[in-house]
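Peer 1: File name work_36.cif; file contents mmCIF, C-alpha atoms; full text below.
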data_work
loop_
_atom_site.label_atom_id
_atom_site.label_comp_id
_atom_site.auth_asym_id
_atom_site.auth_seq_id
_atom_site.Cartn_x
_atom_site.Cartn_y
_atom_site.Cartn_z
CA MET F 1 0.00 0.00 0.00
CA ALA F 2 2.78 2.42 0.92
CA ASN F 3 4.44 1.89 -2.48
CA ASP F 4 1.28 2.73 -4.39
CA PRO F 5 1.56 6.17 -6.11
CA LEU F 6 -1.93 7.04 -4.85
CA PHE F 7 -1.16 6.08 -1.24
CA PRO F 8 -0.81 9.73 -0.07
CA ARG F 9 -4.26 10.52 -1.46
CA TRP F 10 -5.74 7.41 0.20
CA LEU F 11 -4.14 8.52 3.46
CA ASP F 12 -5.74 11.95 3.08
CA GLN F 13 -9.14 10.29 2.69
CA VAL F 14 -8.65 8.17 5.81
CA ILE F 15 -7.57 11.25 7.81
CA ALA F 16 -10.64 13.13 6.51
CA THR F 17 -12.86 10.35 7.91
CA GLY F 18 -11.11 10.59 11.28
CA GLY F 19 -9.75 7.07 10.97
CA CYS F 20 -13.24 5.57 10.57
CA ALA F 21 -13.07 1.80 11.10
CA HIS F 22 -15.77 0.94 8.53
CA PRO F 23 -15.94 3.75 5.94
CA VAL F 24 -18.54 3.73 3.21
CA HIS F 25 -17.13 3.56 -0.35
CA LEU F 26 -18.84 5.71 -2.99
CA THR F 27 -18.23 6.23 -6.66
CA GLY F 28 -19.68 9.07 -8.70
CA GLN F 29 -19.34 12.73 -9.53
CA THR F 30 -20.60 16.22 -8.70
CA THR F 31 -20.75 19.22 -11.03
CA THR F 32 -21.47 22.88 -10.21
CA SER F 33 -22.52 25.23 -13.03
CA ASP F 34 -23.61 28.86 -13.37
CA VAL F 35 -27.38 28.98 -13.88
CA ALA F 36 -27.34 32.04 -16.17
CA THR F 37 -24.40 31.21 -18.46
CA GLY F 38 -24.08 27.44 -18.08
CA GLU F 39 -20.38 27.90 -17.31
CA LEU F 40 -18.77 24.94 -15.54
CA LEU F 41 -17.56 26.21 -12.16
CA HIS F 42 -16.49 23.00 -10.47
CA HIS F 43 -16.32 19.32 -11.32
CA TYR F 44 -15.23 16.37 -9.20
CA ASP F 45 -15.36 12.66 -9.90
CA THR F 46 -13.76 9.59 -8.37
CA SER F 47 -12.02 8.36 -11.52
CA ARG F 48 -8.64 9.57 -10.25
CA GLU F 49 -9.13 8.50 -6.65
CA PRO F 50 -7.49 5.37 -5.20
CA GLY F 51 -9.64 2.46 -6.35
CA GLU F 52 -11.89 5.02 -8.09
CA ARG F 53 -13.80 5.53 -4.87
CA LEU F 54 -14.35 8.11 -2.15
CA LEU F 55 -14.39 7.18 1.55
CA ILE F 56 -16.92 8.75 3.92
CA ARG F 57 -17.64 8.11 7.60
CA CYS F 58 -19.86 5.22 8.65
CA ARG F 59 -21.30 7.43 11.46
CA ASN F 60 -21.93 4.41 13.70
CA ARG F 61 -22.49 5.51 17.29
CA ARG F 62 -21.20 2.28 18.91
CA ALA F 63 -17.63 2.37 20.19
CA THR F 64 -17.39 -1.40 19.68
CA VAL F 65 -18.03 -0.91 15.95
CA CYS F 66 -16.19 2.34 15.17
CA PRO F 67 -14.37 4.23 17.95
CA ALA F 68 -13.70 7.25 15.70
CA CYS F 69 -17.31 7.84 14.65
CA SER F 70 -18.68 7.03 18.12
CA ARG F 71 -16.43 9.73 19.58
CA LEU F 72 -17.87 12.24 17.12
CA HIS F 73 -21.40 11.10 17.92
CA ALA F 74 -20.71 11.49 21.65
CA GLY F 75 -19.53 15.05 21.06
CA ASP F 76 -22.71 15.89 19.16
CA THR F 77 -24.79 14.36 21.96
CA TYR F 78 -22.93 16.39 24.58
CA HIS F 79 -23.72 19.66 22.80
CA LEU F 80 -27.31 18.59 22.11
CA VAL F 81 -27.99 17.86 25.80
CA ARG F 82 -25.90 20.77 27.11
CA SER F 83 -27.69 23.35 24.96
CA GLY F 84 -31.01 22.22 26.41
CA LEU F 85 -29.67 22.83 29.92
CA LEU F 86 -27.55 25.96 29.55
CA GLY F 87 -28.70 27.50 26.28
CA GLY F 88 -26.84 27.98 23.02
CA LYS F 89 -27.36 26.39 19.58
CA ASN F 90 -30.48 28.56 19.09
CA VAL F 91 -31.72 27.79 22.61
CA PRO F 92 -32.04 30.91 24.84
CA GLU F 93 -29.95 30.99 28.02
CA ALA F 94 -33.17 31.64 29.96
CA VAL F 95 -33.66 27.85 30.15
CA ARG F 96 -31.16 27.81 33.02
CA ALA F 97 -33.85 29.28 35.26
CA HIS F 98 -36.52 26.75 34.26
CA PRO F 99 -37.28 23.78 36.56
CA ARG F 100 -34.97 20.95 35.44
CA LEU F 101 -34.39 17.43 36.73
CA PHE F 102 -32.17 14.46 35.97
CA VAL F 103 -34.40 11.41 36.32
CA THR F 104 -33.57 7.70 36.24
CA LEU F 105 -36.40 5.21 35.67
CA THR F 106 -35.59 1.51 36.02
CA ALA F 107 -37.16 -1.76 34.99
CA PRO F 108 -39.01 -3.79 37.65
CA SER F 109 -37.62 -7.00 39.09
CA PHE F 110 -38.16 -10.11 37.01
CA GLY F 111 -36.43 -12.31 39.57
CA PRO F 112 -33.48 -12.09 42.01
CA VAL F 113 -30.05 -11.74 40.40
CA HIS F 114 -26.49 -11.65 41.72
CA ARG F 115 -25.44 -8.10 42.54
CA VAL F 116 -22.78 -5.82 44.01
CA THR F 117 -23.94 -4.08 47.18
CA GLU F 118 -22.51 -1.53 49.57
CA GLN F 119 -23.11 -3.98 52.40
CA GLY F 120 -20.73 -6.47 50.82
CA ARG F 121 -22.60 -9.74 50.51
CA CYS F 122 -24.80 -10.34 47.50
CA ARG F 123 -28.04 -11.56 49.10
CA THR F 124 -28.37 -12.75 52.68
CA ARG F 125 -31.56 -14.37 53.96
CA ARG F 126 -32.13 -16.11 57.26
CA GLY F 127 -32.66 -19.81 57.13
CA GLY F 128 -31.20 -20.18 53.64
CA PRO F 129 -34.53 -20.79 51.84
CA SER F 130 -34.63 -22.42 48.43
CA CYS F 131 -36.92 -21.93 45.47
CA GLU F 132 -39.27 -24.57 44.12
CA HIS F 133 -36.47 -25.79 41.87
CA GLY F 134 -34.19 -26.46 44.81
CA ARG F 135 -31.83 -23.53 44.25
CA PRO F 136 -30.89 -21.24 47.17
CA LEU F 137 -32.47 -17.79 47.26
CA SER F 138 -29.49 -16.33 49.10
CA CYS F 139 -25.86 -15.67 48.11
CA PRO F 140 -23.25 -14.90 50.79
CA VAL F 141 -20.54 -14.00 48.25
CA GLU F 142 -19.08 -10.49 48.01
CA HIS F 143 -19.03 -10.02 44.25
CA SER F 144 -16.57 -7.68 42.59
CA PRO F 145 -17.95 -5.32 39.91
CA HIS F 146 -16.22 -7.42 37.22
CA ASP F 147 -17.56 -10.77 38.46
CA SER F 148 -19.27 -12.59 35.58
CA LEU F 149 -22.01 -13.73 37.98
CA VAL F 150 -23.24 -10.17 38.55
CA GLY F 151 -26.57 -9.72 36.80
CA GLN F 152 -27.19 -13.46 36.39
CA PRO F 153 -30.37 -14.87 38.00
CA LEU F 154 -30.10 -16.97 41.15
CA CYS F 155 -32.54 -19.39 39.56
CA PRO F 156 -32.97 -19.22 35.75
CA ASP F 157 -36.09 -21.41 35.99
CA CYS F 158 -37.81 -18.89 38.31
CA TYR F 159 -36.80 -15.83 36.28
CA ASP F 160 -39.62 -14.17 34.33
CA TYR F 161 -37.99 -14.10 30.89
CA VAL F 162 -41.30 -13.51 29.13
CA GLY F 163 -42.06 -10.50 31.34
CA HIS F 164 -38.54 -9.13 30.76
CA VAL F 165 -38.88 -9.31 26.96
CA LEU F 166 -42.42 -7.88 26.96
CA TRP F 167 -41.26 -4.99 29.16
CA HIS F 168 -38.51 -4.16 26.66
CA ALA F 169 -41.00 -4.38 23.78
CA HIS F 170 -43.29 -1.86 25.52
CA ALA F 171 -40.61 0.51 26.89
CA GLY F 172 -41.61 3.22 24.42
CA ARG F 173 -45.27 3.01 25.44
CA LEU F 174 -44.26 3.08 29.11
CA TRP F 175 -42.38 6.34 28.55
CA LYS F 176 -45.35 7.83 26.66
CA ALA F 177 -47.66 6.83 29.50
CA PHE F 178 -45.25 8.40 31.99
CA THR F 179 -45.19 11.77 30.19
CA ASP F 180 -48.99 11.73 29.84
CA ASN F 181 -49.31 11.03 33.56
CA LEU F 182 -46.83 13.80 34.30
CA TYR F 183 -49.09 16.33 32.56
CA HIS F 184 -52.03 14.95 34.56
CA ARG F 185 -50.17 15.30 37.89
CA LEU F 186 -49.05 18.84 37.06
CA ALA F 187 -52.62 19.76 36.11
CA THR F 188 -53.90 18.38 39.41
CA HIS F 189 -51.32 20.39 41.35
CA THR F 190 -52.14 23.68 39.61
CA GLY F 191 -55.91 23.17 39.61
CA ARG F 192 -56.12 23.26 35.81
CA THR F 193 -57.64 20.80 33.41
CA ARG F 194 -55.15 18.80 31.37
CA ALA F 195 -56.17 20.66 28.21
CA ALA F 196 -55.66 24.02 29.89
CA LEU F 197 -52.29 22.95 31.32
CA ARG F 198 -51.02 21.84 27.90
CA ARG F 199 -51.91 25.28 26.56
CA ALA F 200 -49.80 26.91 29.30
CA LEU F 201 -46.91 24.49 29.82
CA ARG F 202 -44.67 22.12 27.89
CA VAL F 203 -42.57 19.21 29.18
CA SER F 204 -39.29 19.01 27.25
CA TYR F 205 -36.86 16.15 27.66
CA ALA F 206 -33.87 14.24 26.32
CA LYS F 207 -33.46 10.62 27.39
CA VAL F 208 -30.92 7.87 26.90
CA ALA F 209 -31.40 4.12 27.42
CA GLU F 210 -28.76 2.07 29.21
CA TYR F 211 -28.50 -1.69 29.70
CA GLN F 212 -27.91 -2.80 33.28
CA ARG F 213 -25.84 -5.83 34.21
CA ARG F 214 -29.07 -7.84 34.52
CA ALA F 215 -29.66 -7.06 30.81
CA ALA F 216 -32.64 -4.80 31.53
CA VAL F 217 -32.88 -1.29 30.13
CA HIS F 218 -33.24 1.72 32.36
CA VAL F 219 -33.75 5.30 31.26
CA HIS F 220 -31.77 8.45 32.16
CA ALA F 221 -33.70 11.59 31.27
CA VAL F 222 -33.20 15.34 31.50
CA ILE F 223 -36.66 16.86 32.05
CA ARG F 224 -37.30 20.59 31.73
CA LEU F 225 -40.48 22.63 32.10
CA ASP F 226 -41.14 25.39 29.55
CA GLY F 227 -44.00 27.74 28.92
CA ALA F 228 -46.34 27.18 26.00
CA GLY F 229 -43.96 29.07 23.70
CA GLY F 230 -41.06 26.67 24.22
CA PRO F 231 -37.55 27.26 25.66
CA GLY F 232 -37.84 31.05 25.51
CA ASP F 233 -41.04 31.09 27.53
CA PRO F 234 -40.92 30.50 31.33
CA PRO F 235 -43.39 28.02 32.84
CA PRO F 236 -46.36 29.30 34.91
CA ASP F 237 -45.69 30.49 38.45
CA GLY F 238 -46.05 28.00 41.28
CA ILE F 239 -44.40 25.06 39.49
CA GLY F 240 -40.83 24.77 40.72
CA THR F 241 -38.25 22.01 40.86
CA ASP F 242 -39.70 20.47 44.03
CA VAL F 243 -43.20 20.31 42.57
CA LEU F 244 -41.87 18.83 39.33
CA GLY F 245 -39.93 16.19 41.28
CA ASP F 246 -43.00 15.13 43.28
CA CYS F 247 -45.07 14.91 40.10
CA VAL F 248 -42.39 12.82 38.34
CA ARG F 249 -42.34 10.29 41.19
CA SER F 250 -46.11 9.95 41.37
CA ALA F 251 -46.49 9.84 37.57
CA ALA F 252 -43.93 7.03 37.21
CA ALA F 253 -45.50 5.03 40.05
CA ALA F 254 -48.97 5.32 38.46
CA VAL F 255 -48.03 3.82 35.07
CA HIS F 256 -49.64 0.43 34.44
CA LEU F 257 -49.92 -1.17 30.99
CA ARG F 258 -51.26 -4.55 29.97
CA ALA F 259 -49.31 -6.48 27.39
CA PRO F 260 -51.33 -7.93 24.47
CA HIS F 261 -53.12 -11.04 25.67
CA ALA F 262 -51.80 -14.28 24.23
CA PRO F 263 -53.36 -17.57 25.40
CA ALA F 264 -49.92 -19.15 25.68
CA LEU F 265 -48.59 -16.36 27.91
CA GLY F 266 -51.46 -15.18 30.10
CA GLU F 267 -51.79 -11.64 31.44
CA HIS F 268 -48.75 -9.41 31.97
CA LEU F 269 -48.97 -6.06 33.79
CA LEU F 270 -46.11 -3.74 32.88
CA ARG F 271 -44.83 -0.87 35.05
CA TRP F 272 -41.68 1.02 35.98
CA GLY F 273 -39.42 -0.31 38.72
CA ALA F 274 -39.66 0.86 42.31
CA GLN F 275 -36.22 2.50 42.15
CA ILE F 276 -36.80 6.03 40.79
CA ASP F 277 -33.98 8.54 41.16
CA VAL F 278 -34.89 12.24 40.83
CA ARG F 279 -32.09 14.81 41.10
CA PRO F 280 -32.35 18.60 40.61
CA LEU F 281 -29.80 20.34 38.42
CA ARG F 282 -27.30 22.99 39.48
CA ALA F 283 -29.58 26.04 39.15
CA SER F 284 -31.40 24.65 42.18
CA SER F 285 -30.15 25.47 45.69
CA ALA F 286 -30.58 21.85 46.78
CA PRO F 287 -27.32 20.32 48.08
CA GLU F 288 -27.81 17.18 45.96
CA ALA F 289 -28.12 19.21 42.75
CA LEU F 290 -26.06 17.95 39.81
CA ASN F 291 -23.78 19.93 37.51
CA ASP F 292 -25.32 20.62 34.09
CA GLU F 293 -22.19 19.89 32.08
CA ALA F 294 -21.50 16.71 34.08
CA VAL F 295 -24.99 15.45 33.20
CA ALA F 296 -24.44 16.25 29.50
CA ALA F 297 -21.12 14.37 29.59
CA TYR F 298 -22.77 11.43 31.38
CA VAL F 299 -25.47 11.11 28.73
CA ALA F 300 -22.90 11.48 25.93
CA LYS F 301 -20.83 8.66 27.42
CA TYR F 302 -23.72 6.22 27.26
CA ILE F 303 -24.73 7.12 23.72
CA THR F 304 -21.67 5.23 22.43
CA LYS F 305 -22.63 2.04 24.26
CA GLY F 306 -24.93 -0.68 23.04
CA ALA F 307 -26.24 -3.96 24.32
CA ALA F 308 -22.94 -5.67 23.49
CA ASP F 309 -20.93 -3.36 25.77
CA THR F 310 -22.49 -4.79 28.92
CA GLY F 311 -22.80 -8.30 27.50
CA ALA F 312 -26.55 -7.71 27.19
CA GLY F 313 -26.88 -8.44 23.50
CA LEU F 314 -25.18 -8.16 20.12
CA ASP F 315 -24.31 -5.36 17.69
CA HIS F 316 -25.86 -7.22 14.74
CA ARG F 317 -29.22 -8.78 14.00
CA ILE F 318 -29.95 -12.46 14.50
CA THR F 319 -31.15 -14.17 11.32
CA ALA F 320 -31.63 -17.75 12.55
CA SER F 321 -32.16 -19.53 15.85
CA ARG F 322 -28.76 -21.21 15.53
CA ASP F 323 -27.13 -17.75 15.79
CA ILE F 324 -28.38 -17.58 19.39
CA ALA F 325 -26.65 -20.82 20.35
CA LEU F 326 -23.37 -19.61 18.80
CA ALA F 327 -23.45 -16.08 20.27
CA HIS F 328 -20.68 -15.17 22.74
CA VAL F 329 -23.06 -14.08 25.51
CA SER F 330 -23.97 -15.25 29.00
CA PRO F 331 -26.58 -18.00 29.54
CA HIS F 332 -28.94 -15.32 30.91
CA VAL F 333 -28.71 -13.20 27.76
CA ARG F 334 -28.96 -16.29 25.56
CA ALA F 335 -32.19 -17.22 27.34
CA LEU F 336 -33.58 -13.72 26.70
CA MET F 337 -32.68 -13.96 23.00
CA ALA F 338 -34.30 -17.38 22.78
CA THR F 339 -37.42 -15.98 24.44
CA CYS F 340 -37.55 -13.18 21.86
CA TRP F 341 -37.25 -15.73 19.08
CA ARG F 342 -40.01 -17.92 20.56
CA LEU F 343 -42.41 -15.04 21.24
CA GLY F 344 -41.73 -13.57 17.83
CA ALA F 345 -43.62 -16.50 16.30
CA LEU F 346 -46.85 -15.59 18.13
CA ARG F 347 -49.44 -13.82 16.01
CA GLU F 348 -50.54 -11.57 18.90
CA LEU F 349 -46.99 -10.18 19.26
CA ALA F 350 -46.21 -9.82 15.55
CA PRO F 351 -46.30 -5.96 15.62
CA HIS F 352 -43.36 -5.95 18.05
CA ARG F 353 -41.06 -7.81 15.59
CA LEU F 354 -39.31 -9.58 18.44
CA ARG F 355 -37.24 -11.79 16.16
CA SER F 356 -35.84 -8.75 14.36
CA TRP F 357 -34.87 -7.26 17.72
CA ALA F 358 -33.70 -10.41 19.48
CA HIS F 359 -30.12 -9.07 19.40
CA THR F 360 -31.23 -6.18 21.68
CA LEU F 361 -33.46 -8.44 23.80
CA GLY F 362 -36.68 -7.01 22.39
CA TYR F 363 -35.85 -3.34 22.98
CA ARG F 364 -36.35 -1.54 19.68
CA GLY F 365 -36.23 2.11 20.73
CA HIS F 366 -33.51 4.59 19.83
CA ILE F 367 -30.76 4.91 22.40
CA LEU F 368 -31.34 8.69 22.62
CA THR F 369 -34.64 10.44 21.96
CA LYS F 370 -35.78 13.96 22.75
CA SER F 371 -38.86 16.11 22.53
CA ARG F 372 -39.10 18.47 19.58
CA ALA F 373 -38.51 21.69 21.53
CA TYR F 374 -35.78 20.46 23.90
CA SER F 375 -32.79 21.78 21.92
CA THR F 376 -31.05 21.53 18.56
CA THR F 377 -30.87 18.42 16.35
CA TYR F 378 -28.12 16.07 15.21
CA THR F 379 -28.67 17.23 11.62
CA THR F 380 -28.09 20.88 12.55
CA LEU F 381 -24.93 20.03 14.51
CA ARG F 382 -23.52 18.02 11.60
CA GLN F 383 -24.27 20.81 9.13
CA GLU F 384 -22.53 23.34 11.37
CA ARG F 385 -19.48 21.10 11.66
CA ALA F 386 -19.36 20.57 7.90
CA GLN F 387 -19.53 24.31 7.26
CA HIS F 388 -16.82 24.92 9.85
CA CYS F 389 -14.50 22.33 8.29
CA GLN F 390 -15.19 23.38 4.71
CA PRO F 391 -16.77 26.87 4.47
CA VAL F 392 -18.94 27.51 1.43
CA ASP F 393 -17.61 30.04 -1.06
CA GLN F 394 -20.43 32.58 -1.09
CA SER F 395 -19.20 34.05 -4.40
CA THR F 396 -20.12 30.83 -6.21
CA GLU F 397 -23.02 29.67 -4.04
CA LEU F 398 -25.62 32.12 -5.42
CA GLY F 399 -26.90 31.58 -8.94
CA THR F 400 -25.40 28.11 -9.28
CA ILE F 401 -26.80 24.62 -9.69
CA THR F 402 -25.13 21.42 -8.51
CA GLU F 403 -25.80 17.99 -10.00
CA SER F 404 -24.49 14.89 -8.25
CA THR F 405 -24.54 11.19 -8.99
CA TRP F 406 -23.26 8.77 -6.35
CA ARG F 407 -23.40 5.01 -5.98
CA TYR F 408 -22.53 2.74 -3.06
CA ILE F 409 -19.88 0.15 -3.93
CA GLY F 410 -18.71 -1.22 -0.59
CA SER F 411 -17.56 -0.53 2.94
CA GLY F 412 -14.80 -1.32 5.41
CA HIS F 413 -11.03 -1.75 5.16
CA THR F 414 -8.65 -4.50 4.23
CA PRO F 415 -6.74 -5.88 7.28
CA GLY F 416 -3.68 -3.76 6.49
CA ALA F 417 -5.69 -0.61 5.87
CA ALA F 418 -7.62 -1.19 9.10
CA LEU F 419 -4.35 -1.09 11.08
CA ILE F 420 -3.37 2.23 9.50
CA ALA F 421 -6.84 3.70 10.08
CA ALA F 422 -6.78 2.61 13.73
CA GLY F 423 -3.42 4.32 14.20
CA ILE F 424 -4.73 7.53 12.64
CA ALA F 425 -7.81 7.45 14.91
CA GLU F 426 -5.58 7.02 17.98
CA ASP F 427 -3.34 9.90 16.90
CA LEU F 428 -6.32 12.21 16.37
CA ALA F 429 -7.79 11.25 19.75
CA ARG F 430 -4.44 11.91 21.45
CA ASN F 431 -4.20 15.31 19.76
CA ARG F 432 -7.66 16.22 21.06
CA GLU F 433 -6.67 15.22 24.58
CA ILE F 434 -3.54 17.39 24.39
CA ALA F 435 -5.53 20.34 23.01
CA ARG F 436 -8.20 19.99 25.72
CA ASP F 437 -5.57 19.90 28.49
CA ALA F 438 -3.89 22.97 26.98
CA VAL F 439 -7.06 25.10 27.03
CA GLY F 440 -8.47 23.56 30.21
CA GLY F 441 -11.83 22.66 28.74
CA ASP F 442 -13.71 20.66 26.15
CA VAL F 443 -12.68 20.73 22.54
CA GLY F 444 -15.37 20.04 19.93
#
What do you get writing this file as structure tokens?
Peer 2:
Amino acid sequence: MANDPLFPRWLDQVIATGGCAHPVHLTGQTTTSDVATGELLHHYDTSREPGERLLIRCRNRRATVCPACSRLHAGDTYHLVRSGLLGGKNVPEAVRAHPRLFVTLTAPSFGPVHRVTEQGRCRTRRGGPSCEHGRPLSCPVEHSPHDSLVGQPLCPDCYDYVGHVLWHAHAGRLWKAFTDNLYHRLATHTGRTRAALRRALRVSYAKVAEYQRRAAVHVHAVIRLDGAGGPGDPPPDGIGTDVLGDCVRSAAAAVHLRAPHAPALGEHLLRWGAQIDVRPLRASSAPEALNDEAVAAYVAKYITKGAADTGAGLDHRITASRDIALAHVSPHVRALMATCWRLGALRELAPHRLRSWAHTLGYRGHILTKSRAYSTTYTTLRQERAQHCQPVDQSTELGTITESTWRYIGSGHTPGAALIAAGIAEDLARNREIARDAVGGDVG
């Protein structure tokens, strides 16, 4: 590769992608002409590129798939969440004074699992009782955080695998029910009807899903109250952080959904877990208030993680039942995947496409979602970065027309090219670390 005359140009392309581990290969051309005269102003095609192709980023958010692109995605997420807390990116700074919370909603228990506790021992129970399958319901071991037993059920036969999968399949509906209940609780507190409250107040949020060691998703959410006009409009008087926190707790506790009835499964009532963490953000005077930027960084960290990072699934879809038996996962996760595959054959559960989402244990929601008015968008952030890296020449932008033809022809690197790209990605990451230390802050 190094002896190829076009190697320097190939290297430039890899550097331009940030050392992307799985770049997309395109072939084609783009032509810019003057509308009035038809004069050719600019022409580019891939005929003189290495391999007659152009490399662009894969933009995968998972660090296990592409560290370079996941780092960029985490940076975009940081600015998206931060702007909704502190302003900027077309969000007024007045949002700092709005009631804001960092909320964690968990999944309920589907059966006892091994865990790490502050008390030391995993699970201690007097008398050492056993389940109906003869397995002990206590564990005197002090597990380390890296113990492979952590998150595994004490008795796999007692564990409610069907309930776990159905809860994942309905996680989106549970969140919708929670936000609807939150409006209802706020309306009750202010003495308004729900319709009148929605005309005076708006709940804005950004949430990220994280897999726990027990392979169940829980949700971290930044929740902010705005007036009817959005971020630039303060919420009505009398609704502060304390009131919002009380309403969040009661709204989450009130959510109850019934899974679709299937004769082979019986009735399943779905709800949020009992552990609900509600923390005010720094604008509050509460001593437990969190730092806004720390919360944005926390959310950005988890956006690069997927089910595979915690051993709670795979990064690719499962196409046959034999893939489950061959997957490098724990017996607990394999049982959840097998449950997805089995339930996916039931007609009553067909809309949930459980077989298509068996690799994520039935959870098919986006890792990060936000309300429309919370802050900026990923698309806007990417456009701003593109304009910053390659400013548009305004002298040729007006009165021109651009015609492009592109075709996908492949993706990825050869083994040798992958080593070079990984080295470039590491160098760029190291340079960012040095630059951040030099200025004492974050570097975009």
Peer 1: Identify, on the basis of all atoms listed in the file, every residue whose closest approach to segment 248-251 of chain F does not exceed 8 Å; exclude the query and any residue fewer than 2 positions from it along the same chain; express the result as an MDAnalysis selection string.
Peer 2: chainID F and resid 178:179 181:182 185 244:246 253:255 276 278
Peer 1: From the set F:Arg53, F:Arg125, F:His43, F:His359, which residue has the shortest atom-to-atom contact distance to Ser321 of chain F, counting all atoms listed in the file?
Peer 2: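 Nearest candidate to Ser321 of chain F out of F:Arg53, F:Arg125, F:His43, F:His359: F:His359.
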Peer 1: Evaluate the PyMOL selection byres ((chain F and resi 172-174) around 10) against this structure - the residues, as a VMD selection string, please.
Peer 2: chain F and resid 167 to 171 175 to 180 252 255 to 257 270 to 272 363 to 366
Peer 1: Rank F:Arg48, F:His189, F:His220, F:His98 by their smallest atom-to-atom distance to Thr369 of chain F, using all atoms listed in the file, and report the top residue only.
Peer 2: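 Smallest separation from Thr369 of chain F among the options: F:His220.
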Peer 1: What does the distance between atom CA of His332 of chain F and atom CA of Cys66 of chain F come to in Å, to one decimal place?
Peer 2: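 These atoms are spaced 26.9 Å apart.
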Peer 1: Would you mind telling me which residue in F:Cys122, F:Leu54, F:Leu428, F:Ala262 lies nearest to Cys139 of chain F when using all atoms listed in the file?
Peer 2: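 Distance minimum relative to Cys139 of chain F lands on F:Cys122.
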Peer 1: How would you write as a list in words the residues that get within 12 Å of (-25.1, 5.6, 15.1) in the file's frame, counting all atoms listed in the file?
Peer 2: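 So the residues meeting the distance criterion are Arg57, Cys58, Arg59, Asn60, Arg61, Arg62, Ala63, Thr64, Val65, Cys66, Pro67, Ala68, Cys69, Ser70, Arg71, Leu72, His73, Ala74, Asp76, Thr77, Ile303, Thr304, Lys305, Gly306, Asp315, His366, Ile367, Leu368 and Tyr378 of chain F.
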Peer 1: Under the rule that only C-alpha atoms are counted, which of F:Ala335, F:Leu361, F:Val113, F:Val329 is the nearest residue to Tyr211 of chain F?
Peer 2: F:Leu361
Peer 1: For the atom pair atom CA of Ser130 of chain F and atom CA of Tyr159 of chain F, what is the interatomic distance in Å to one decimal place?
Peer 2: 14.0 Å
Peer 1: For the provided coordinates, the residues matched by the PyMOL selection byres ((chain F and resi 206) around 12) should be stated as a ChimeraX atom specification.
Peer 2: /F:77-78,80-85,100-104,175,203-205,207-209,219-224,295-296,299-300,303,366-377
Peer 1: Could you tell me, as a PyMOL selection string, which residues have any atom at most 10 Å from (-38.5, 28.0, 20.9), counting only C-alpha atoms?
Peer 2: chain F and resi 90-92+226-233+372-375
Peer 1: Export, as a PDB file, in the frame of the given file, the selected residues with C-alpha atoms.
Peer 2:
ATOM      1  CA  ASN F  90     -30.480  28.560  19.090  1.00  0.00           C
ATOM      2  CA  VAL F  91     -31.720  27.790  22.610  1.00  0.00           C
ATOM      3  CA  PRO F  92     -32.040  30.910  24.840  1.00  0.00           C
ATOM      4  CA  ASP F 226     -41.140  25.390  29.550  1.00  0.00           C
ATOM      5  CA  GLY F 227     -44.000  27.740  28.920  1.00  0.00           C
ATOM      6  CA  ALA F 228     -46.340  27.180  26.000  1.00  0.00           C
ATOM      7  CA  GLY F 229     -43.960  29.070  23.700  1.00  0.00           C
ATOM      8  CA  GLY F 230     -41.060  26.670  24.220  1.00  0.00           C
ATOM      9  CA  PRO F 231     -37.550  27.260  25.660  1.00  0.00           C
ATOM     10  CA  GLY F 232     -37.840  31.050  25.510  1.00  0.00           C
ATOM     11  CA  ASP F 233     -41.040  31.090  27.530  1.00  0.00           C
ATOM     12  CA  ARG F 372     -39.100  18.470  19.580  1.00  0.00           C
ATOM     13  CA  ALA F 373     -38.510  21.690  21.530  1.00  0.00           C
ATOM     14  CA  TYR F 374     -35.780  20.460  23.900  1.00  0.00           C
ATOM     15  CA  SER F 375     -32.790  21.780  21.920  1.00  0.00           C
TER      16      SER F 375
END
